[in-house]
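> Here it is, the structure, as C-alpha cells.
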Amino acid sequence: MAKSPKKISFELDADLLKQLCEVQGTSGHEL
Amino acid sequence: MKNYLLQYIKKNAKKWKSKPEVIHGEAFQDCIIVKFGKPRTVIFAHMDTVGFTVRYFNQLLPVGSPDAEPGTKLVGRDSLGAIECELELDKEHHAFYKFGRPIERGTPLSYKINFRESKHYIQTAYLDDRLGIYNALKVAESLKDGVIIFSCWEEHGGGSVPYLAEYVYRKWNIRQALISDITWVSDGVAHGKGVVISLRDKNIPRKSFVDKIVAIAEKNKIDYQLEVEGSGSSDGGELQRTPFSFDWCFVGAPEEGAHTPDEKVHMHDIETMIALYEVLMKEL
C-alpha cells in the first residue's frame with residue numbers, strides 16, 4: 001500500500017522571522 | 001546581524017538536541033560557523049541586506065540590487081541619530097534620498113520593515129535571505145551532525161565563501177553543501193507548490209548530487225519544485241569556483257518581489273523547506 005504523504009507539523013515562529021528581518025547589518029560587510 | 005545571531009544561538013542552543021560549537025572571530029570577519037557532532041554537510045545562509053550607501057550630497061549607491069519604487073521608506077543611523085528618509089529616483093534611475101538634513105557619507109540605508117502575516121503568506125522586505133537564516137536556525141534545533149555557516153557578501157560579489165569552504169573542508173573534510181537561500185516565483189515555479197530544488201542557475205551544480213537530493217525529497221514525500229534558470233547566482237557559485245571538490249545545491253522557498261520591500265513567500269514553501277533540510281542533513 002502506498003504511504004500517505006509525510007505529515008509535517010508546522011508552526012511559523014513569526015516573531016523570530018520578524019526580528020531577523022528587522023535586524024539591520026552592524027557593519028558594511030553584512031549590509 | 002552577527003551579534004543578534006550569536007546571542008540567539010547562546011540563548012537557544014540549550015534547548016537544541018545537540019550542543020554546537022560556535023566558531024567566529026577576526027579570522028572569519030563577520031561570518032559565523034556553527035558545528036554539530038560529526039558533520040558531513042554544510043548549510044550556507046547569507047546575512048546580506050540589499051539597500052543603499054549614502055554617496056555625496058543626497059546621492060545613493062545601491063548595495064546589491066535593490067528594487068524599490070520612489071517614496072520607499074529607508075532607515076539607518078549616522079552620528080547625528082536615527083534616520084527615516086524617502087527614496088527618490090530620476091529618469092535615469094539614479095537614486096537619491098529625501099530627508100530633513102544631510103546624511104553622513106557612507107551611511108548604509110535599508111528598507112523600513114513592514115512585516116505582514118496572513119493565513120498563507122508572509123510578506124516583508126529581506127525574506128532573501130532572512131528566511132534562509134530562519135530555516136537554518138529551525139534545522140539547528142534537531143541537528144545531530146552538520147555545520148551551519150552564516151556568510152557575508154553574497155549580494156555584492158562574494159568573498160567570504162572561499163575561506164569558509166577551505167576551513168570546513170580542511171577541518172572536517174566536508175564536501176557537501178546546501179545553499180539555504182530564497183529564489184524566484186517564475187513561469188515554472190509557483191507559490192505554494194513546495195520548496196525549490198534548483199537544477200541550475202547561472203551556475204550548474206553536479207547532477208549526481210542534485211539527483212540525490214531529489215531522490216531524498218521523493219522518498220520522504222516532501223513537496224518540491226524543480227527550478228531551471230539561466231541567470232542568478234548564490235553562495236553555490238562561489239563554492240564551485242573554490243579549489244575544493246564541493247558538491248552543492250540551492251534548496252529554498254520561492255518568492256515574489258525579489259529585493260523589493262514587499263518580498264512574498266507562501267507558508268507551505270517555508271514548511272517544506274525546513275522539512276527537506278531536516279531529512280537532507282540526516283541522509284546525505
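A note on labels: chains of the C-alpha cells are A, B, ... as shown, every chain counts residues from 1, and ligands are counted from 1 in their shown order.
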Fewer than 3 positions away in the same chain doesn't count, so skip those; otherwise give me all residues within 6 Å of stretch 42-59 of chain B, counting only C-alpha atoms, as JSON, numbers by chain.

{"A": [30, 31], "B": [62, 63, 64, 66, 96, 97, 105, 106, 107, 108, 109, 110, 132, 133, 146, 147, 148, 149, 150, 151, 152, 177, 178, 179, 180]}

> Go ahead and write the residues just picked, C-alpha atoms, as an mmCIF file, in the first residue's frame.


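Result written to again10.cif:
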data_model
loop_
_atom_site.group_PDB
_atom_site.id
_atom_site.type_symbol
_atom_site.label_atom_id
_atom_site.label_comp_id
_atom_site.auth_asym_id
_atom_site.auth_seq_id
_atom_site.Cartn_x
_atom_site.Cartn_y
_atom_site.Cartn_z
ATOM 1 C CA GLU A 30 26.768 42.436 6.428
ATOM 2 C CA LEU A 31 24.719 45.215 4.978
ATOM 3 C CA PRO B 62 22.998 50.508 -4.411
ATOM 4 C CA VAL B 63 24.251 47.722 -2.159
ATOM 5 C CA GLY B 64 23.499 44.597 -4.173
ATOM 6 C CA PRO B 66 17.634 46.782 -4.544
ATOM 7 C CA PHE B 96 18.616 59.909 -4.060
ATOM 8 C CA TYR B 97 17.314 60.389 -0.556
ATOM 9 C CA ARG B 105 28.782 59.950 3.667
ATOM 10 C CA GLY B 106 28.976 56.167 3.704
ATOM 11 C CA THR B 107 25.870 55.686 5.842
ATOM 12 C CA PRO B 108 24.093 52.443 4.931
ATOM 13 C CA LEU B 109 20.322 52.628 4.436
ATOM 14 C CA SER B 110 17.931 49.698 4.243
ATOM 15 C CA GLY B 132 17.286 31.188 4.748
ATOM 16 C CA ILE B 133 18.731 32.086 8.160
ATOM 17 C CA GLY B 146 26.332 19.096 10.375
ATOM 18 C CA VAL B 147 27.655 22.616 10.012
ATOM 19 C CA ILE B 148 25.717 25.840 9.540
ATOM 20 C CA ILE B 149 27.548 28.845 8.137
ATOM 21 C CA PHE B 150 26.211 32.381 8.175
ATOM 22 C CA SER B 151 28.111 34.071 5.349
ATOM 23 C CA CYS B 152 28.641 37.617 4.022
ATOM 24 C CA ALA B 177 26.851 21.917 0.764
ATOM 25 C CA LEU B 178 23.246 23.107 0.736
ATOM 26 C CA ILE B 179 22.506 26.730 -0.092
ATOM 27 C CA SER B 180 19.712 27.950 2.205
#

> Just need the residues of chain B within 7 Å of chain A, counting only C-alpha atoms, so spit them out as a list of chain:residue names.

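On the chain B side, the interface is B:Met1, B:Met47, B:Asp48, B:Thr49, B:Val50, B:Ile113, B:Phe115, B:Ala125, B:Tyr126, B:Leu127, B:Arg130, B:Leu131, B:Tyr134, B:Cys152, B:Trp153, B:Asn220, B:Lys221, B:Ile222, B:Glu271.
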
> Take the residues that were just selected and, keeping N, CA and C atoms, output them as a JSON list (two decimals), in the first residue's frame.


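Dumped everything to part27.json:
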[["chain", "number", "residue", "atom", "x", "y", "z"],
["B", 1, "MET", "N", 23.73, 41.99, 12.69],
["B", 1, "MET", "CA", 23.19, 40.64, 12.41],
["B", 1, "MET", "C", 24.03, 39.57, 13.08],
["B", 47, "MET", "N", 23.94, 36.57, 5.18],
["B", 47, "MET", "CA", 23.37, 37.57, 6.09],
["B", 47, "MET", "C", 23.21, 38.95, 5.45],
["B", 48, "ASP", "N", 23.43, 39.03, 4.14],
["B", 48, "ASP", "CA", 23.44, 40.35, 3.50],
["B", 48, "ASP", "C", 22.09, 41.06, 3.51],
["B", 49, "THR", "N", 22.16, 42.35, 3.43],
["B", 49, "THR", "CA", 20.97, 43.20, 3.33],
["B", 49, "THR", "C", 21.14, 44.09, 2.11],
["B", 50, "VAL", "N", 20.29, 43.93, 1.10],
["B", 50, "VAL", "CA", 20.38, 44.86, -0.02],
["B", 50, "VAL", "C", 19.85, 46.22, 0.43],
["B", 113, "ILE", "N", 10.97, 48.06, 7.59],
["B", 113, "ILE", "CA", 10.25, 46.78, 7.56],
["B", 113, "ILE", "C", 8.75, 46.98, 7.77],
["B", 115, "PHE", "N", 6.18, 44.12, 8.15],
["B", 115, "PHE", "CA", 6.02, 42.66, 8.22],
["B", 115, "PHE", "C", 4.54, 42.30, 8.23],
["B", 125, "ALA", "N", 10.16, 42.98, 3.58],
["B", 125, "ALA", "CA", 11.50, 43.07, 2.98],
["B", 125, "ALA", "C", 12.40, 42.02, 3.61],
["B", 126, "TYR", "N", 13.38, 41.61, 2.85],
["B", 126, "TYR", "CA", 14.51, 40.80, 3.35],
["B", 126, "TYR", "C", 14.21, 39.34, 3.67],
["B", 127, "LEU", "N", 13.10, 38.80, 3.12],
["B", 127, "LEU", "CA", 12.95, 37.34, 3.23],
["B", 127, "LEU", "C", 14.17, 36.68, 2.57],
["B", 130, "ARG", "N", 16.76, 36.40, 5.08],
["B", 130, "ARG", "CA", 16.48, 36.14, 6.49],
["B", 130, "ARG", "C", 15.69, 34.84, 6.65],
["B", 131, "LEU", "N", 14.93, 34.49, 5.63],
["B", 131, "LEU", "CA", 14.20, 33.22, 5.69],
["B", 131, "LEU", "C", 15.18, 32.03, 5.57],
["B", 134, "TYR", "N", 16.46, 31.81, 8.99],
["B", 134, "TYR", "CA", 15.40, 31.22, 9.82],
["B", 134, "TYR", "C", 15.38, 29.70, 9.63],
["B", 152, "CYS", "N", 28.76, 36.19, 4.40],
["B", 152, "CYS", "CA", 28.64, 37.62, 4.02],
["B", 152, "CYS", "C", 28.93, 37.82, 2.54],
["B", 153, "TRP", "N", 28.44, 38.94, 2.02],
["B", 153, "TRP", "CA", 28.78, 39.48, 0.70],
["B", 153, "TRP", "C", 28.14, 38.78, -0.49],
["B", 220, "ASN", "N", 10.93, 10.83, 1.00],
["B", 220, "ASN", "CA", 10.28, 11.36, 2.21],
["B", 220, "ASN", "C", 8.95, 12.06, 1.91],
["B", 221, "LYS", "N", 8.55, 12.00, 0.63],
["B", 221, "LYS", "CA", 7.25, 12.56, 0.19],
["B", 221, "LYS", "C", 7.08, 14.01, 0.61],
["B", 222, "ILE", "N", 8.11, 14.78, 0.34],
["B", 222, "ILE", "CA", 8.06, 16.22, 0.62],
["B", 222, "ILE", "C", 7.80, 16.95, -0.69],
["B", 271, "GLU", "N", 7.42, 25.65, 5.08],
["B", 271, "GLU", "CA", 7.24, 24.38, 5.79],
["B", 271, "GLU", "C", 8.04, 23.25, 5.11]]

> Between B:Glu117, B:Thr272, B:Asp67, B:Asp78, which one has atoms that come closest to B:Arg101, using only C-alpha atoms?

B:Asp78

> Excluding stretch 158-174 of chain B and its own-chain neighbours fewer than 4 positions away, which residues fall within 9 Å of it when counting only C-alpha atoms? Please give them as a VMD selection string.

chain B and resid 28 to 29 31 33 38 to 42 44 147 149 151 to 154 234 to 236 238 to 239 241 to 246

> Return as a list in words the full set of residues in stretch 162-276 of chain B whose backbone-based DSSP assignment is strand (DSSP E).

Gln176, Ala177, Leu178, Ile179, Thr183, Trp184, Val195, Val196, Ile197, Ser198, Leu199, Arg200, Tyr224, Gln225, Leu226, Glu227, Val228, Asp247, Trp248, Cys249, Phe250, Val251, Gly252, Pro254, Glu255, Glu263, Lys264, Val265 and His266 of chain B

> Can you write out the residues you just picked, keeping N, CA and C atoms, as a compact mmCIF listing (two decimals), in the first residue's frame?


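Dumped everything to result_20.txt:
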# COMPACT_ATOMS: atom_id res chain seq x y z
N GLN B 176 30.06 18.45 1.01
CA GLN B 176 28.66 18.59 0.57
C GLN B 176 28.09 19.88 1.15
N ALA B 177 27.40 20.64 0.30
CA ALA B 177 26.85 21.92 0.76
C ALA B 177 25.43 22.12 0.25
N LEU B 178 24.60 22.69 1.11
CA LEU B 178 23.25 23.11 0.74
C LEU B 178 23.16 24.62 0.88
N ILE B 179 22.59 25.27 -0.11
CA ILE B 179 22.51 26.73 -0.09
C ILE B 179 21.09 27.10 0.36
N THR B 183 14.67 31.85 -3.75
CA THR B 183 14.70 32.02 -5.21
C THR B 183 13.42 32.70 -5.70
N TRP B 184 13.14 32.60 -6.97
CA TRP B 184 12.06 33.40 -7.57
C TRP B 184 10.86 32.56 -7.96
N VAL B 195 9.05 23.47 -1.68
CA VAL B 195 10.40 24.02 -1.72
C VAL B 195 11.00 23.80 -3.11
N VAL B 196 11.86 24.71 -3.51
CA VAL B 196 12.53 24.60 -4.82
C VAL B 196 13.87 23.89 -4.66
N ILE B 197 14.08 22.89 -5.50
CA ILE B 197 15.42 22.31 -5.68
C ILE B 197 15.90 22.83 -7.02
N SER B 198 16.99 23.60 -7.01
CA SER B 198 17.43 24.26 -8.23
C SER B 198 18.39 23.35 -9.01
N LEU B 199 18.01 23.01 -10.23
CA LEU B 199 18.89 22.18 -11.07
C LEU B 199 20.03 23.01 -11.64
N ARG B 200 19.77 24.31 -11.79
CA ARG B 200 20.82 25.22 -12.25
C ARG B 200 20.34 26.66 -12.17
N TYR B 224 8.06 19.33 -3.61
CA TYR B 224 9.17 20.15 -4.11
C TYR B 224 8.90 20.55 -5.56
N GLN B 225 9.62 21.57 -6.01
CA GLN B 225 9.55 22.01 -7.40
C GLN B 225 10.97 22.08 -7.93
N LEU B 226 11.13 21.72 -9.20
CA LEU B 226 12.46 21.80 -9.81
C LEU B 226 12.59 23.13 -10.54
N GLU B 227 13.68 23.79 -10.31
CA GLU B 227 13.94 25.08 -10.97
C GLU B 227 15.05 24.91 -12.01
N VAL B 228 14.85 25.55 -13.15
CA VAL B 228 15.89 25.60 -14.19
C VAL B 228 15.98 27.04 -14.65
N ASP B 247 30.38 19.43 -3.62
CA ASP B 247 29.10 19.29 -4.28
C ASP B 247 28.15 20.24 -3.57
N TRP B 248 27.32 20.92 -4.32
CA TRP B 248 26.42 21.90 -3.71
C TRP B 248 25.08 21.90 -4.45
N CYS B 249 24.06 22.36 -3.76
CA CYS B 249 22.75 22.53 -4.40
C CYS B 249 21.98 23.63 -3.68
N PHE B 250 21.32 24.46 -4.44
CA PHE B 250 20.46 25.52 -3.91
C PHE B 250 19.10 24.90 -3.60
N VAL B 251 18.69 24.98 -2.34
CA VAL B 251 17.39 24.44 -1.93
C VAL B 251 16.70 25.53 -1.11
N GLY B 252 15.60 26.08 -1.63
CA GLY B 252 14.97 27.19 -0.90
C GLY B 252 13.58 27.51 -1.40
N PRO B 254 10.52 29.74 -2.93
CA PRO B 254 10.46 30.80 -3.95
C PRO B 254 9.71 32.02 -3.44
N GLU B 255 10.08 33.18 -3.94
CA GLU B 255 9.42 34.42 -3.53
C GLU B 255 9.03 35.26 -4.73
N GLU B 263 8.77 41.46 -0.45
CA GLU B 263 9.01 40.07 -0.84
C GLU B 263 7.92 39.20 -0.22
N LYS B 264 7.46 38.20 -0.97
CA LYS B 264 6.30 37.41 -0.52
C LYS B 264 6.57 35.92 -0.71
N VAL B 265 6.37 35.14 0.36
CA VAL B 265 6.62 33.69 0.33
C VAL B 265 5.42 32.97 0.91
N HIS B 266 5.07 31.83 0.32
CA HIS B 266 3.94 31.00 0.79
C HIS B 266 4.38 30.13 1.97

> Just checking: using only C-alpha atoms, which residue out of B:Ile122, B:Ile103, B:Val139, B:Ile32 ends up closest to A:Asp15?

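Between B:Ile122, B:Ile103, B:Val139, B:Ile32, the residue approaching A:Asp15 most closely is B:Ile122.
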
> Could you pull out the alpha helix (DSSP H) residues of stretch 109-214 of chain B from DSSP and send them as a ChimeraX atom specification?

/B:127-140,161-172,207-214

> Just how far from atom CA of B:Lys17 is atom CA of B:Lys212, in Å to one decimal?

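Atom-to-atom, atom CA of B:Lys212 to atom CA of B:Lys17, that is 26.0 Å.
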